[in-house]
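Visitor: This is the structure, below, for whatever I ask next.
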Amino acid sequence: QVQLVESGGGLVQAGGSLTLSCAASGSTASRVFMGWFRQVPHLEREFVAAISWSGTTINEKDSVKGRFTISRDNAKNKMYLHMNSLKPVEPAAYYCAAGGPFSSSNWAPSLPTEYAYWGQGTQVTVSS
């Protein structure tokens, strides 16, 4: 089992920056691939970025490439999402997810169904 807790959400102006954190706990927390998803009411959960357990593979949604950076610190069992140049269309609940303890070191999937563990979400609001 892996438990996930997000933090860092809040209100930011369009064009601004925000960093989300996800703290993982559990015996296999450092050996899971991890990802960020976002969701607005009445729409499906959307993939944002993922990182393999080794940190060597990163997978990003095209629209965030060059603006968002996903990273992880396995010594601290934490994952981060640094978001720059936020757009007014990007407010949402952002969720941390993890899956596949002991999967391939370069596996960083984008499908929500690949992830077995989810945090409660942290809200990001972008003002125009």
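Starting from 1 in every chain, residues are counted up; chains themselves are A, B, ... following the order of the structure tokens, and ligands are numbered from 1 as listed.
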Could you give me, as a tab-separated table, a per-residue list for range 46-107 of chain A showing, wherever an atom lies at most 9 Å from an atom of range 12-25 of chain A, the closest pair of atoms and their distance in Å to one decimal, using only C-alpha atoms and sorting by chain then residue number from low to high?

Guide:
residue	atom	partner	partner_atom	distance
A:Lys76	CA	A:Ala23	CA	8.1
A:Asn77	CA	A:Ala24	CA	5.4
A:Lys78	CA	A:Ala23	CA	4.6
A:Met79	CA	A:Cys22	CA	5.0
A:Tyr80	CA	A:Ser21	CA	4.5
A:Leu81	CA	A:Leu20	CA	5.0
A:His82	CA	A:Thr19	CA	4.4
A:Met83	CA	A:Leu18	CA	5.2
A:Asn84	CA	A:Ser17	CA	4.3
A:Ser85	CA	A:Gly15	CA	4.0
A:Leu86	CA	A:Gly15	CA	4.8
A:Lys87	CA	A:Ala14	CA	5.2
A:Pro88	CA	A:Ala14	CA	5.7
A:Tyr94	CA	A:Leu20	CA	8.6
A:Tyr95	CA	A:Cys22	CA	8.8
A:Cys96	CA	A:Cys22	CA	6.2
A:Ala97	CA	A:Cys22	CA	8.8
A:Ala98	CA	A:Ala24	CA	8.8

Visitor: Output N, CA and C atoms for every residue in the selection just made, as a compact mmCIF listing (two decimals), in the first residue's frame.

Guide:
# COMPACT_ATOMS: atom_id res chain seq x y z
N LYS A 76 13.34 11.42 -0.10
CA LYS A 76 12.29 12.04 0.72
C LYS A 76 10.91 11.47 0.41
N ASN A 77 10.84 10.55 -0.57
CA ASN A 77 9.54 10.01 -1.01
C ASN A 77 8.58 11.12 -1.40
N LYS A 78 9.08 12.04 -2.20
CA LYS A 78 8.26 13.15 -2.65
C LYS A 78 8.34 13.33 -4.16
N MET A 79 7.25 13.81 -4.71
CA MET A 79 7.19 14.16 -6.12
C MET A 79 6.70 15.61 -6.21
N TYR A 80 7.14 16.29 -7.26
CA TYR A 80 6.80 17.70 -7.41
C TYR A 80 6.29 17.97 -8.83
N LEU A 81 5.50 19.01 -8.93
CA LEU A 81 5.09 19.53 -10.24
C LEU A 81 5.28 21.04 -10.19
N HIS A 82 6.31 21.50 -10.90
CA HIS A 82 6.55 22.93 -10.99
C HIS A 82 5.79 23.44 -12.21
N MET A 83 4.88 24.35 -11.98
CA MET A 83 4.03 24.85 -13.05
C MET A 83 4.34 26.31 -13.31
N ASN A 84 4.72 26.62 -14.53
CA ASN A 84 4.99 27.99 -14.95
C ASN A 84 4.00 28.40 -16.02
N SER A 85 3.87 29.71 -16.18
CA SER A 85 3.01 30.25 -17.24
C SER A 85 1.62 29.63 -17.22
N LEU A 86 1.01 29.57 -16.06
CA LEU A 86 -0.30 28.96 -15.93
C LEU A 86 -1.34 29.74 -16.74
N LYS A 87 -2.24 29.00 -17.34
CA LYS A 87 -3.26 29.58 -18.20
C LYS A 87 -4.61 29.60 -17.50
N PRO A 88 -5.46 30.54 -17.87
CA PRO A 88 -6.79 30.61 -17.25
C PRO A 88 -7.61 29.34 -17.45
N TYR A 94 -5.90 19.00 -8.84
CA TYR A 94 -4.74 18.25 -9.29
C TYR A 94 -4.52 17.08 -8.35
N TYR A 95 -4.39 15.89 -8.94
CA TYR A 95 -4.25 14.66 -8.18
C TYR A 95 -2.89 14.03 -8.40
N CYS A 96 -2.32 13.57 -7.32
CA CYS A 96 -1.11 12.76 -7.36
C CYS A 96 -1.53 11.30 -7.43
N ALA A 97 -0.81 10.52 -8.23
CA ALA A 97 -1.13 9.10 -8.36
C ALA A 97 0.15 8.28 -8.41
N ALA A 98 0.03 7.01 -8.05
CA ALA A 98 1.19 6.12 -8.07
C ALA A 98 0.73 4.71 -8.42

Visitor: Please provide as number ranges by chain all residues within 10 Å of Asn59 in chain A, with the sequence filter that same-chain residues fewer than 6 positions apart are discarded (counting only C-alpha atoms).

Guide: A: 35, 47-52, 65, 70, 107-110

Visitor: As a VMD selection string, please: every residue in range 61-113 of chain A that DSSP puts in strand (DSSP E or B).

Guide: chain A and resid 68 to 73 78 to 83 92 to 99

Visitor: Please, what distance in Å, to one decimal, runs between CA of Glu6 in chain A and CA of Gly26 in chain A?

Guide: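 Atom-to-atom, CA of Glu6 in chain A to CA of Gly26 in chain A, that is 15.2 Å.
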
Visitor: Looking at only C-alpha atoms, which of A:Ser54, A:Gln1, A:Thr69, A:Thr125 is the one that sits closest to Thr28 in chain A?

Guide: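 Under the stated criterion, the closest residue is A:Gln1.
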
Visitor: Which value, in Å to one decimal, gives the distance between CA of Val40 in chain A and CA of Val2 in chain A?

Guide: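 Going from CA of Val40 in chain A over to CA of Val2 in chain A, I get 24.8 Å.
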
Visitor: Enter the distance from CA of Gly121 in chain A to CA of Thr57 in chain A, in Å, rounded to one decimal.

Guide: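 Rounded to one decimal, the two atoms are 23.6 Å apart.
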
Visitor: Could you please write out, as a count of residues only, every residue of chain A that DSSP assigns to helix (DSSP H, G or I)?

Guide: 9
